[in-house]
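Trainee: What follows is input.csv, CSV, C-alpha atoms and all ligand atoms.
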chain,number,residue,atom,x,y,z
A,8,MET,CA,-39.1,37.4,-53.5
A,9,VAL,CA,-39.5,37.8,-57.3
A,10,ALA,CA,-39.0,34.1,-57.7
A,11,ALA,CA,-41.9,33.5,-55.4
A,12,LEU,CA,-44.3,35.5,-57.5
A,13,PHE,CA,-43.2,34.9,-61.0
A,14,LEU,CA,-44.2,31.8,-63.0
A,15,SER,CA,-41.7,31.6,-65.8
A,16,ARG,CA,-42.5,29.9,-69.1
A,17,GLY,CA,-38.9,28.6,-69.1
A,18,SER,CA,-37.7,25.4,-67.4
A,19,ALA,CA,-34.9,26.7,-65.1
A,20,ALA,CA,-35.8,27.7,-61.6
A,21,VAL,CA,-36.1,31.4,-61.5
A,22,SER,CA,-34.0,31.7,-58.3
A,23,ASP,CA,-31.1,30.0,-60.2
A,24,TRP,CA,-31.1,32.5,-63.1
A,25,GLU,CA,-27.7,34.0,-64.0
A,26,ALA,CA,-27.3,37.8,-64.4
A,27,GLY,CA,-28.6,39.0,-67.8
A,28,ARG,CA,-31.2,36.4,-68.2
A,29,ILE,CA,-34.6,37.5,-69.5
A,30,GLY,CA,-37.9,35.6,-69.4
A,31,VAL,CA,-41.6,36.0,-69.9
A,32,GLY,CA,-44.3,34.5,-67.8
A,33,ARG,CA,-47.1,35.3,-65.4
A,34,TRP,CA,-47.2,37.2,-62.2
A,35,ARG,CA,-48.8,35.3,-59.4
A,36,GLY,CA,-50.6,38.3,-58.1
A,37,LEU,CA,-51.4,38.1,-54.4
A,38,GLY,CA,-54.3,40.6,-54.9
A,39,SER,CA,-56.3,41.9,-52.0
A,40,GLY,CA,-57.3,38.4,-50.9
A,41,GLY,CA,-53.9,36.9,-51.4
A,42,GLY,CA,-55.4,34.3,-53.7
A,43,GLY,CA,-52.3,33.8,-55.9
A,44,VAL,CA,-54.2,34.4,-59.1
A,45,ALA,CA,-51.8,34.1,-62.1
A,46,ALA,CA,-53.0,37.2,-63.9
A,47,GLU,CA,-50.5,39.5,-65.4
A,48,GLU,CA,-48.2,38.7,-68.3
A,49,VAL,CA,-44.8,40.1,-67.3
A,50,LEU,CA,-41.2,40.2,-68.5
A,51,VAL,CA,-38.5,39.6,-65.8
A,52,VAL,CA,-34.8,40.5,-66.1
A,53,ARG,CA,-32.2,39.1,-63.8
A,54,ALA,CA,-30.0,42.2,-63.7
A,55,SER,CA,-26.6,42.3,-62.1
A,56,HIS,CA,-28.0,44.6,-59.3
A,57,GLY,CA,-31.2,42.7,-58.7
A,58,TRP,CA,-34.4,42.0,-60.6
A,59,GLU,CA,-36.4,44.0,-63.0
A,60,VAL,CA,-40.1,43.3,-63.5
A,61,HIS,CA,-41.7,44.9,-66.6
A,62,CYS,CA,-45.5,44.8,-66.9
A,63,HIS,CA,-47.7,46.1,-69.6
A,64,GLY,CA,-49.1,49.6,-69.8
A,65,GLY,CA,-51.4,51.1,-67.2
A,66,ALA,CA,-50.6,52.4,-63.7
A,67,ALA,CA,-52.9,49.8,-62.1
A,68,ALA,CA,-50.9,46.8,-63.3
A,69,ALA,CA,-47.6,48.3,-62.1
A,70,ALA,CA,-49.2,49.3,-58.7
A,71,ALA,CA,-50.5,45.7,-58.2
A,72,VAL,CA,-47.0,44.2,-58.8
A,73,LEU,CA,-45.5,46.8,-56.4
A,74,ASP,CA,-48.2,46.0,-53.8
A,75,ASP,CA,-47.3,42.3,-54.0
A,76,LEU,CA,-43.6,42.9,-53.5
A,77,VAL,CA,-44.3,45.3,-50.6
A,78,HIS,CA,-46.7,42.7,-49.1
A,79,LEU,CA,-43.7,40.2,-49.0
A,80,GLY,CA,-41.5,42.8,-47.3
A,81,ALA,CA,-40.0,44.9,-50.0
A,82,GLU,CA,-39.5,48.6,-49.5
A,83,CYS,CA,-40.9,50.9,-52.2
A,84,ARG,CA,-38.6,53.9,-53.0
A,85,PRO,CA,-38.8,56.5,-55.8
A,86,ALA,CA,-36.1,56.1,-58.5
A,87,ALA,CA,-34.5,59.3,-57.5
A,88,ALA,CA,-33.8,58.0,-54.0
A,89,TRP,CA,-31.9,54.9,-55.2
A,90,ASN,CA,-28.7,56.8,-55.2
A,91,ALA,CA,-29.5,59.0,-52.1
A,92,GLY,CA,-26.5,59.7,-50.0
A,93,GLY,CA,-23.9,58.8,-52.7
A,94,ALA,CA,-22.4,61.2,-55.2
A,95,PRO,CA,-24.7,61.6,-58.2
A,96,THR,CA,-23.7,59.6,-61.2
A,97,VAL,CA,-24.8,60.1,-64.8
A,98,ALA,CA,-26.2,56.6,-64.9
A,99,ALA,CA,-28.4,57.1,-61.8
A,100,GLU,CA,-29.5,60.5,-63.1
A,101,ALA,CA,-30.4,59.0,-66.5
A,102,ILE,CA,-32.5,56.2,-64.9
A,103,ALA,CA,-34.3,58.8,-62.7
A,104,LEU,CA,-35.1,61.0,-65.8
A,105,LEU,CA,-36.1,58.1,-67.9
A,106,ALA,CA,-39.2,57.8,-65.7
A,107,ASP,CA,-40.4,61.2,-67.0
A,108,ILE,CA,-39.7,60.4,-70.7
A,109,ASP,CA,-42.6,59.6,-73.0
A,110,ALA,CA,-41.0,59.5,-76.5
A,111,PRO,CA,-38.4,57.3,-78.2
A,112,ARG,CA,-35.9,59.9,-79.3
A,113,PRO,CA,-35.2,61.4,-75.8
A,114,ALA,CA,-35.3,57.8,-74.4
A,115,ARG,CA,-32.6,56.7,-76.8
A,116,ILE,CA,-30.4,59.8,-76.0
A,117,LEU,CA,-30.7,59.0,-72.3
A,118,GLY,CA,-30.0,55.3,-72.9
A,119,ARG,CA,-26.6,56.3,-74.4
A,120,GLN,CA,-25.7,58.4,-71.4
A,121,LEU,CA,-26.7,55.5,-69.2
A,122,ALA,CA,-24.3,53.3,-71.1
A,123,GLY,CA,-21.5,55.8,-70.3
A,124,LEU,CA,-21.1,58.1,-73.3
A,125,LEU,CA,-21.1,61.3,-71.3
A,126,ASP,CA,-18.7,60.0,-68.7
A,127,GLY,CA,-16.4,58.8,-71.5
A,128,GLU,CA,-16.5,62.1,-73.3
A,129,LEU,CA,-15.7,64.1,-70.2
A,130,THR,CA,-12.9,61.8,-69.5
A,131,GLY,CA,-11.6,62.3,-73.0
A,132,ILE,CA,-11.8,66.1,-72.8
A,133,ALA,CA,-10.0,66.1,-69.4
A,134,ALA,CA,-7.2,64.1,-71.0
A,135,LEU,CA,-6.9,66.5,-73.9
A,136,VAL,CA,-6.7,69.5,-71.4
A,137,SER,CA,-4.0,67.8,-69.4
A,138,GLN,CA,-2.0,67.1,-72.5
A,139,GLY,CA,-2.2,70.8,-73.4
A,140,ASP,CA,-4.4,70.2,-76.5
A,141,GLY,CA,-6.8,73.1,-75.7
A,142,VAL,CA,-8.0,73.4,-79.2
A,143,ALA,CA,-9.2,69.9,-79.6
A,144,ALA,CA,-10.7,70.0,-76.0
A,145,ALA,CA,-12.6,73.3,-76.8
A,146,GLU,CA,-14.0,71.7,-80.0
A,147,ARG,CA,-15.4,68.8,-78.2
A,148,ALA,CA,-16.6,70.9,-75.3
A,149,ASP,CA,-18.4,73.1,-77.8
A,150,ARG,CA,-20.1,70.0,-79.3
A,151,LEU,CA,-21.3,69.0,-75.9
A,152,ARG,CA,-22.7,72.5,-75.2
A,153,ARG,CA,-24.6,72.5,-78.5
A,154,ALA,CA,-26.1,69.1,-77.8
A,155,SER,CA,-27.1,70.2,-74.3
A,156,ARG,CA,-29.8,72.6,-75.6
A,157,VAL,CA,-31.8,69.5,-76.5
A,158,GLY,CA,-30.4,67.4,-73.5
A,159,LEU,CA,-31.5,69.9,-70.9
A,160,ARG,CA,-35.1,69.6,-71.9
A,161,LEU,CA,-35.5,65.9,-72.8
A,162,ALA,CA,-38.4,65.5,-70.4
A,163,GLU,CA,-40.2,68.7,-71.5
A,164,PRO,CA,-42.3,68.5,-74.6
A,165,TRP,CA,-41.9,71.0,-77.4
A,166,ARG,CA,-44.8,73.4,-77.5
A,167,VAL,CA,-46.2,74.1,-81.0
A,168,VAL,CA,-49.0,76.7,-81.2
A,169,VAL,CA,-51.3,76.8,-84.2
A,170,THR,CA,-52.7,80.3,-84.9
A,171,GLY,CA,-54.4,82.2,-87.8
A,172,ALA,CA,-57.6,83.8,-88.8
A,173,VAL,CA,-61.0,82.4,-87.8
A,174,ASN,CA,-62.2,79.5,-89.9
A,175,VAL,CA,-59.0,79.0,-91.7
A,176,GLY,CA,-58.7,75.3,-90.7
A,177,LYS,CA,-56.5,75.4,-87.6
A,178,SER,CA,-58.5,72.9,-85.6
A,179,SER,CA,-58.8,70.6,-88.6
A,180,LEU,CA,-55.0,70.7,-89.0
A,181,VAL,CA,-54.5,69.9,-85.3
A,182,ASN,CA,-56.9,67.0,-85.5
A,183,ALA,CA,-55.3,65.7,-88.7
A,184,LEU,CA,-51.8,65.7,-87.1
A,185,ALA,CA,-53.2,64.1,-83.9
A,186,GLY,CA,-55.0,61.5,-85.8
A,187,HIS,CA,-58.3,62.0,-83.9
A,188,ALA,CA,-61.0,64.6,-83.5
A,189,ARG,CA,-59.4,66.4,-80.5
A,190,SER,CA,-60.9,69.9,-81.3
A,191,LEU,CA,-64.4,70.7,-82.5
A,192,VAL,CA,-64.5,71.7,-86.1
A,193,SER,CA,-67.4,73.7,-87.8
A,194,PRO,CA,-68.0,76.0,-90.8
A,195,LEU,CA,-68.8,78.8,-88.4
A,196,PRO,CA,-66.0,81.3,-87.7
A,197,GLY,CA,-65.1,81.5,-84.0
A,198,THR,CA,-65.6,77.8,-83.1
A,199,THR,CA,-62.5,77.4,-81.0
A,200,ARG,CA,-62.7,79.6,-77.9
A,201,ASP,CA,-60.2,78.1,-75.5
A,202,VAL,CA,-56.6,77.0,-75.8
A,203,ILE,CA,-56.8,73.2,-76.5
A,204,GLU,CA,-53.6,71.1,-75.9
A,205,THR,CA,-52.9,67.8,-77.5
A,206,HIS,CA,-50.0,65.7,-76.4
A,207,LEU,CA,-48.5,63.6,-79.2
A,208,VAL,CA,-45.3,62.1,-80.4
A,209,LEU,CA,-44.0,63.5,-83.7
A,210,ALA,CA,-41.1,61.9,-85.5
A,211,GLY,CA,-40.1,60.3,-82.1
A,212,TRP,CA,-40.2,63.6,-80.1
A,213,SER,CA,-42.7,64.6,-77.5
A,214,VAL,CA,-44.8,67.6,-78.7
A,215,VAL,CA,-47.7,69.5,-77.2
A,216,LEU,CA,-49.8,70.9,-80.1
A,217,VAL,CA,-51.9,73.9,-79.1
A,218,ASP,CA,-55.0,74.8,-81.0
A,219,THR,CA,-56.2,78.4,-80.4
A,220,ALA,CA,-59.1,80.7,-81.0
A,221,GLY,CA,-59.1,82.3,-84.5
A,222,LEU,CA,-57.9,85.8,-84.8
A,223,ARG,CA,-60.3,88.4,-86.4
A,224,GLU,CA,-59.3,91.0,-88.9
A,225,ALA,CA,-59.6,94.7,-87.9
A,226,GLY,CA,-63.3,95.6,-88.3
A,227,ASP,CA,-64.5,92.0,-88.0
A,228,GLN,CA,-65.9,92.0,-84.5
A,229,ALA,CA,-65.5,89.0,-82.1
A,230,SER,CA,-68.9,87.6,-81.2
A,231,GLY,CA,-68.6,88.4,-77.5
A,232,ALA,CA,-66.6,88.5,-74.4
A,233,THR,CA,-65.9,84.7,-74.5
A,234,GLU,CA,-64.4,84.9,-77.9
A,235,ARG,CA,-62.3,88.0,-77.0
A,236,ALA,CA,-61.0,86.1,-73.9
A,237,GLY,CA,-60.2,83.1,-76.2
A,238,ILE,CA,-58.2,85.4,-78.5
A,239,ALA,CA,-56.3,86.9,-75.5
A,240,ARG,CA,-55.4,83.3,-74.4
A,241,ALA,CA,-54.3,82.5,-78.0
A,242,MET,CA,-51.9,85.5,-77.9
A,243,ALA,CA,-50.5,84.4,-74.5
A,244,ALA,CA,-50.0,80.8,-75.8
A,245,THR,CA,-48.2,82.1,-78.8
A,246,GLY,CA,-45.8,84.0,-76.5
A,247,ALA,CA,-44.9,80.8,-74.7
A,248,ALA,CA,-44.4,78.6,-77.8
A,249,ASP,CA,-41.3,77.0,-79.1
A,250,LEU,CA,-42.7,77.2,-82.6
A,251,VAL,CA,-45.8,79.0,-84.1
A,252,ILE,CA,-47.6,77.6,-87.1
A,253,ARG,CA,-49.4,80.3,-88.8
A,254,VAL,CA,-52.3,79.0,-90.9
A,255,GLU,CA,-53.3,81.1,-93.9
A,256,ALA,CA,-55.9,80.5,-96.7
A,257,THR,CA,-54.3,79.0,-99.7
A,258,GLY,CA,-53.1,81.6,-102.2
A,259,THR,CA,-52.7,84.5,-99.7
A,260,GLU,CA,-49.5,86.4,-99.3
A,261,PRO,CA,-47.5,84.9,-96.3
A,262,PRO,CA,-47.1,87.4,-93.4
A,263,PRO,CA,-43.6,88.0,-92.1
A,264,HIS,CA,-43.2,85.2,-89.6
A,265,ASP,CA,-40.6,83.5,-87.5
A,266,GLY,CA,-42.3,80.2,-87.4
A,267,LEU,CA,-43.9,78.2,-90.2
A,268,VAL,CA,-46.6,79.4,-92.6
A,269,VAL,CA,-49.1,76.8,-93.8
A,270,TRP,CA,-51.6,77.2,-96.6
A,271,SER,CA,-54.7,75.3,-95.7
A,272,LYS,CA,-57.6,73.5,-97.5
A,273,ALA,CA,-55.5,73.1,-100.6
A,274,ASP,CA,-58.0,70.5,-101.9
A,275,LEU,CA,-60.5,73.3,-102.5
A,276,LYS,CA,-58.3,75.4,-104.7
A,277,VAL,CA,-56.3,75.0,-107.8
A,278,ILE,CA,-52.9,76.7,-107.2
A,279,ASN,CA,-51.9,78.6,-110.3
A,280,GLN,CA,-49.3,80.8,-108.8
A,281,PRO,CA,-45.8,80.1,-107.4
A,282,VAL,CA,-45.8,78.8,-103.9
A,283,PRO,CA,-43.5,81.1,-101.7
A,284,ASP,CA,-40.5,79.2,-100.3
A,285,GLU,CA,-41.5,79.6,-96.7
A,286,VAL,CA,-45.0,78.2,-97.3
A,287,LEU,CA,-46.1,74.6,-96.8
A,288,VAL,CA,-49.3,73.6,-98.7
A,289,THR,CA,-51.6,71.3,-96.8
A,290,SER,CA,-55.0,69.8,-96.8
A,291,SER,CA,-56.4,68.3,-93.6
A,292,ARG,CA,-59.1,66.6,-95.6
A,293,THR,CA,-56.8,64.6,-98.0
A,294,GLY,CA,-53.7,64.6,-95.7
A,295,ALA,CA,-51.6,66.2,-98.5
A,296,GLY,CA,-48.5,68.1,-97.2
A,297,LEU,CA,-48.9,66.8,-93.6
A,298,GLY,CA,-45.7,64.7,-93.8
A,299,ALA,CA,-43.7,67.6,-95.1
A,300,LEU,CA,-45.2,69.8,-92.3
A,301,VAL,CA,-44.1,67.3,-89.6
A,302,ALA,CA,-40.6,67.3,-91.1
A,303,ALA,CA,-40.5,71.1,-91.2
A,304,VAL,CA,-41.8,71.3,-87.6
A,305,MET,CA,-39.1,69.0,-86.3
A,306,ALA,CA,-36.4,70.7,-88.4
A,307,LYS,CA,-37.3,74.0,-86.7
A,308,LEU,CA,-37.7,72.5,-83.2
A,309,VAL,CA,-34.6,70.3,-83.1
A,310,PRO,CA,-32.2,71.4,-85.8
A,311,GLU,CA,-29.5,69.6,-83.8
A,312,ALA,CA,-31.0,66.3,-85.0
A,313,ASP,CA,-29.8,67.1,-88.5
A,314,GLU,CA,-26.2,67.6,-87.4
A,315,PRO,CA,-24.5,64.2,-88.0
A,316,GLY,CA,-23.8,62.4,-84.8
A,317,LEU,CA,-24.5,65.4,-82.5
A,318,LEU,CA,-27.4,63.8,-80.6
A,319,ASP,CA,-26.1,60.2,-81.2
A,320,GLY,CA,-23.2,60.7,-78.9
A,321,ALA,CA,-22.6,62.2,-75.4
A,322,VAL,CA,-25.3,64.7,-74.5
A,323,PRO,CA,-25.3,66.6,-71.2
A,324,PHE,CA,-28.9,66.5,-69.8
A,325,LEU,CA,-28.6,68.3,-66.4
A,326,PRO,CA,-27.0,71.8,-65.6
A,327,ARG,CA,-24.6,69.9,-63.4
A,328,HIS,CA,-23.0,68.2,-66.4
A,329,LEU,CA,-22.2,71.6,-68.0
A,330,GLU,CA,-20.7,72.8,-64.7
A,331,ALA,CA,-18.6,69.6,-64.6
A,332,LEU,CA,-17.5,70.4,-68.2
A,333,ASN,CA,-16.5,73.9,-67.2
A,334,ARG,CA,-14.4,72.6,-64.4
A,335,VAL,CA,-12.7,70.1,-66.7
A,336,MET,CA,-12.0,72.8,-69.2
A,337,ALA,CA,-10.5,74.9,-66.4
A,338,GLY,CA,-8.0,72.1,-65.9
A,339,GLU,CA,-9.5,70.5,-62.8
A,340,PRO,CA,-8.8,66.8,-62.7
A,341,PHE,CA,-11.7,64.5,-63.6
A,342,ASP,CA,-11.6,61.3,-61.7
A,343,GLY,CA,-12.3,59.2,-64.8
A,344,GLY,CA,-15.0,57.2,-63.1
A,345,ARG,CA,-18.7,57.7,-63.1
A,346,ARG,CA,-18.6,60.6,-60.6
A,347,LEU,CA,-18.9,64.1,-61.9
A,348,GLN,CA,-18.4,66.0,-58.7
A,401,LIG,N1,-62.2,70.9,-97.9
A,401,LIG,C1,-61.6,71.2,-96.7
A,401,LIG,N2,-62.2,71.8,-95.7
A,401,LIG,C2,-61.5,72.0,-94.6
A,401,LIG,C3,-60.2,71.7,-94.5
A,401,LIG,N3,-59.7,72.1,-93.2
A,401,LIG,C4,-60.8,72.6,-92.6
A,401,LIG,N4,-61.9,72.6,-93.4
A,401,LIG,C5,-63.3,73.1,-93.1
A,401,LIG,O1,-63.2,74.5,-92.8
A,401,LIG,C6,-64.1,74.8,-91.7
A,401,LIG,C7,-63.3,75.4,-90.6
A,401,LIG,O2,-62.4,74.5,-90.1
A,401,LIG,P1,-61.8,74.6,-88.6
A,401,LIG,O3,-60.8,73.6,-88.5
A,401,LIG,O4,-62.9,74.6,-87.6
A,401,LIG,O5,-61.2,76.1,-88.6
A,401,LIG,P2,-60.6,76.9,-87.4
A,401,LIG,O6,-59.5,77.7,-88.0
A,401,LIG,O7,-60.2,76.0,-86.3
A,401,LIG,O8,-61.8,77.8,-87.1
A,401,LIG,P3,-62.0,78.7,-85.7
A,401,LIG,O9,-61.9,77.8,-84.5
A,401,LIG,O10,-63.4,79.1,-85.8
A,401,LIG,O11,-61.1,79.8,-85.7
A,401,LIG,C8,-64.8,73.5,-91.4
A,401,LIG,O12,-66.0,73.4,-92.0
A,401,LIG,C9,-63.8,72.4,-91.9
A,401,LIG,O13,-64.5,71.2,-92.2
A,401,LIG,C10,-59.5,71.1,-95.5
A,401,LIG,O14,-58.3,70.7,-95.6
A,401,LIG,N5,-60.3,70.9,-96.7
A,402,MG,MG,-60.9,76.0,-84.4
Take the structure in this file and express it as structure tokens.
Mentor:
Amino acid sequence: MVAALFLSRGSAAVSDWEAGRIGVGRWRGLGSGGGGVAAEEVLVVRASHGWEVHCHGGAAAAAAVLDDLVHLGAECRPAAAWNAGGAPTVAAEAIALLADIDAPRPARILGRQLAGLLDGELTGIAALVSQGDGVAAAERADRLRRASRVGLRLAEPWRVVVTGAVNVGKSSLVNALAGHARSLVSPLPGTTRDVIETHLVLAGWSVVLVDTAGLREAGDQASGATERAGIARAMAATGAADLVIRVEATGTEPPPHDGLVVWSKADLKVINQPVPDEVLVTSSRTGAGLGALVAAVMAKLVPEADEPGLLDGAVPFLPRHLEALNRVMAGEPFDGGRRLQ
């Protein structure tokens, strides 16, 4: 079926391709009129289990390829249903979750589990338990549990909320990190009223950056009900954050804070005082300090990434994997194959 629709640039007949072969070419789209227009550039893989067709970004291109295959008699199933009926395997679960991943670091972690690292590690731990080496087994189990904090939320972006006083430069900071003018910026205090989310990839991780309404000092009145509602939303967003970046005017005493404290608009001020350890000095206008800010954000969000090898090896990514680990640690046999239950 794929062979009928794919015009390879190579010479060998596509239907004769051996497993593992990859080729580029054009998809002879049937289209609504069935006209056979060679339109889409695609990459086709002859996998051991069938064929993979990779087309370029955009839901419409993928939908057109699927439509063509269905037109020729294929059945369209969601990835999660591929394994329906059989015992779940890590590989099938990794494939299903990959569909929800939009950043390279989580994709790489899942790719390694797809290649068998988690199965292998559970097999190894089970062997240690059966040999009576409980200490070594517990060490490796502990490593898996620590890695699972990241693994269990691979498909969920980290939420980073930017707060601080009105006009301090929060929206400008969000825009500078996002690389485009997502939020309105103005010299007037109280510009941002709503909670504005920007989805981006920082250092390979999926992050939602949340810009919020500026907070007013006691005695400095919000300009009306809309701004007050915006401030209430800012507080709620802060409560749901994985990390809060508190933006302060350069030179001010940093408030006690669990997250990160940023001094803003550093280009406007000569700093002739020591910079407190917990403060990152930035300028959204010149870009100064933004690289260090991204590094500090990721160190807070994913400290596991700094532990050598922790996220490069086996990483449980579903609660079921931790349950399987508990059973293995309790001495239950592990079948050594790709099945976990
Ligand atoms: N020179 C300079 N000006 C900046 C910088 N960052 C922000 N500004 C200016 O400061 C003013 C306020 O910036 P915003 O980013 O709107 O501040 P905000 O904290 O989002 O303000 P509210 O939404 O009102 O709370 C604007 O005039 C910006 O152009 C910076 O790094 N350098
Ligand atoms: Mg703003």
Trainee: Nearest to ligand LIG 401 (chain A) among A:Ala220, A:Ala303, A:Ala337, A:Val282, with distances taken over only C-alpha atoms and all ligand atoms: which residue is it?
Mentor: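 Selected residue with least distance to ligand LIG 401 (chain A): A:Ala220.
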Trainee: Taking only C-alpha atoms and all ligand atoms and a cut-off of 7 Å, can you tell me which residues surround ligand MG 402 (chain A), written as an MDAnalysis selection string?
Mentor: chainID A and resid 174 176:178 190:192 197:199 218:221
Trainee: Using all atoms listed in the file for the distances, tell me which of A:Arg189, A:Arg112, A:Arg334, A:His206 is nearest to ligand LIG 401 (chain A).
Mentor: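 So, comparing all the options, the nearest one is A:Arg189.
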Trainee: Quick check, in Å to one decimal: how far apart do atom CA of A:Val136 and atom CA of A:Leu151 lie?
Mentor: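 Value for the atom CA of A:Val136-atom CA of A:Leu151 distance: 15.3 Å.
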Trainee: Counting all atoms listed in the file, which of A:His264, A:His187, A:Arg292, A:Arg152 gets nearest to ligand LIG 401 (chain A)?
Mentor: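 The shortest atom-to-atom distance to ligand LIG 401 (chain A) comes from A:Arg292.
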Trainee: My list of candidates is A:Val167, A:Ile108, A:Ala154, A:Val277. Which is closest to A:Met305 when distances are computed with only C-alpha atoms?
Mentor: A:Val167
Trainee: Nearest residue to A:Leu329 out of A:Gly36, A:Gly65, A:Gly17, A:Gly158, using all atoms listed in the file?
Mentor: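 Looking at the shortest contact to A:Leu329, the residue is A:Gly158.
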Trainee: Calculate how many Å separate atom CA of A:Leu14 from atom CA of A:Gly27, rounding to one decimal.
Mentor: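 That distance, rounded to one decimal, is 17.8 Å.
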Trainee: Please compute the atom C2 of ligand LIG 401 (chain A)-atom CA of A:Ala244 distance, one decimal, in Å.
Mentor: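 A separation of 23.7 Å between them.
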Trainee: Out of A:Val254, A:Leu216, A:Leu125, A:Ile116, which residue has the shortest atom-to-atom distance to ligand LIG 401 (chain A) when counting only C-alpha atoms and all ligand atoms?
Mentor: A:Val254
Trainee: Applying 10 Å and all atoms listed in the file, which residues near A:Thr245 remain after dropping the ones on its own chain fewer than 2 positions away? List them as number ranges by chain.
Mentor: A: 166-170, 217, 219, 239-243, 247-252
Trainee: What box, with edges along x, y and z, holds each listed atom of stretch 292-300 of chain A when 5 Å is added on every side, and can you state its centre and edge lengths in Å to one decimal, as JSON?
Mentor:
{"center_x": -51.4, "center_y": 67.2, "center_z": -95.4, "size_x": 25.4, "size_y": 15.2, "size_z": 16.2}
Trainee: Hey, what's within 9 Å of A:Arg156 if we count only C-alpha atoms and toss same-chain stuff fewer than 6 positions away? As a ChimeraX atom specification, please?
Mentor: /A:311,323-324
Trainee: Excluding same-chain residues fewer than 3 positions from A:Gly338, what lies within 10 Å of it counting all atoms listed in the file, as a compact mmCIF listing (two decimals) with C-alpha atoms, in the coordinates of the input?
Mentor:
# COMPACT_ATOMS: atom_id res chain seq x y z
CA ILE A 132 -11.80 66.10 -72.80
CA ALA A 133 -10.00 66.10 -69.40
CA ALA A 134 -7.20 64.10 -71.00
CA LEU A 135 -6.90 66.50 -73.90
CA VAL A 136 -6.70 69.50 -71.40
CA SER A 137 -4.00 67.80 -69.40
CA GLY A 139 -2.20 70.80 -73.40
CA GLY A 141 -6.80 73.10 -75.70
CA LEU A 332 -17.50 70.40 -68.20
CA ASN A 333 -16.50 73.90 -67.20
CA ARG A 334 -14.40 72.60 -64.40
CA VAL A 335 -12.70 70.10 -66.70
CA PHE A 341 -11.70 64.50 -63.60
Trainee: Return stretch 117-128 of chain A, completed with N, CA, C and O atoms, as a JSON list (two decimals), in the frame of the given file.
Mentor:
[["chain", "number", "residue", "atom", "x", "y", "z"],
["A", 117, "LEU", "N", -31.01, 59.32, -73.67],
["A", 117, "LEU", "CA", -30.70, 59.00, -72.30],
["A", 117, "LEU", "C", -30.05, 57.64, -72.13],
["A", 117, "LEU", "O", -29.14, 57.44, -71.31],
["A", 118, "GLY", "N", -30.54, 56.69, -72.93],
["A", 118, "GLY", "CA", -30.00, 55.30, -72.90],
["A", 118, "GLY", "C", -28.49, 55.34, -73.15],
["A", 118, "GLY", "O", -27.72, 54.60, -72.52],
["A", 119, "ARG", "N", -28.07, 56.20, -74.09],
["A", 119, "ARG", "CA", -26.60, 56.30, -74.40],
["A", 119, "ARG", "C", -25.83, 56.85, -73.27],
["A", 119, "ARG", "O", -24.69, 56.46, -73.02],
["A", 120, "GLN", "N", -26.41, 57.80, -72.54],
["A", 120, "GLN", "CA", -25.70, 58.40, -71.40],
["A", 120, "GLN", "C", -25.63, 57.36, -70.26],
["A", 120, "GLN", "O", -24.64, 57.26, -69.54],
["A", 121, "LEU", "N", -26.71, 56.59, -70.15],
["A", 121, "LEU", "CA", -26.70, 55.50, -69.20],
["A", 121, "LEU", "C", -25.63, 54.50, -69.46],
["A", 121, "LEU", "O", -25.00, 53.94, -68.55],
["A", 122, "ALA", "N", -25.36, 54.30, -70.75],
["A", 122, "ALA", "CA", -24.30, 53.30, -71.10],
["A", 122, "ALA", "C", -22.91, 53.94, -71.00],
["A", 122, "ALA", "O", -21.92, 53.26, -71.27],
["A", 123, "GLY", "N", -22.80, 55.22, -70.63],
["A", 123, "GLY", "CA", -21.50, 55.80, -70.30],
["A", 123, "GLY", "C", -20.89, 56.75, -71.31],
["A", 123, "GLY", "O", -19.73, 57.15, -71.16],
["A", 124, "LEU", "N", -21.67, 57.18, -72.34],
["A", 124, "LEU", "CA", -21.10, 58.10, -73.30],
["A", 124, "LEU", "C", -20.67, 59.42, -72.76],
["A", 124, "LEU", "O", -19.61, 59.96, -73.11],
["A", 125, "LEU", "N", -21.49, 60.00, -71.88],
["A", 125, "LEU", "CA", -21.10, 61.30, -71.30],
["A", 125, "LEU", "C", -19.92, 61.22, -70.42],
["A", 125, "LEU", "O", -18.99, 62.04, -70.50],
["A", 126, "ASP", "N", -19.91, 60.19, -69.57],
["A", 126, "ASP", "CA", -18.70, 60.00, -68.70],
["A", 126, "ASP", "C", -17.46, 59.86, -69.57],
["A", 126, "ASP", "O", -16.42, 60.46, -69.28],
["A", 127, "GLY", "N", -17.58, 59.05, -70.65],
["A", 127, "GLY", "CA", -16.40, 58.80, -71.50],
["A", 127, "GLY", "C", -15.95, 60.09, -72.18],
["A", 127, "GLY", "O", -14.73, 60.34, -72.29],
["A", 128, "GLU", "N", -16.89, 60.91, -72.63],
["A", 128, "GLU", "CA", -16.50, 62.10, -73.30],
["A", 128, "GLU", "C", -15.83, 63.11, -72.37],
["A", 128, "GLU", "O", -14.84, 63.75, -72.73]]
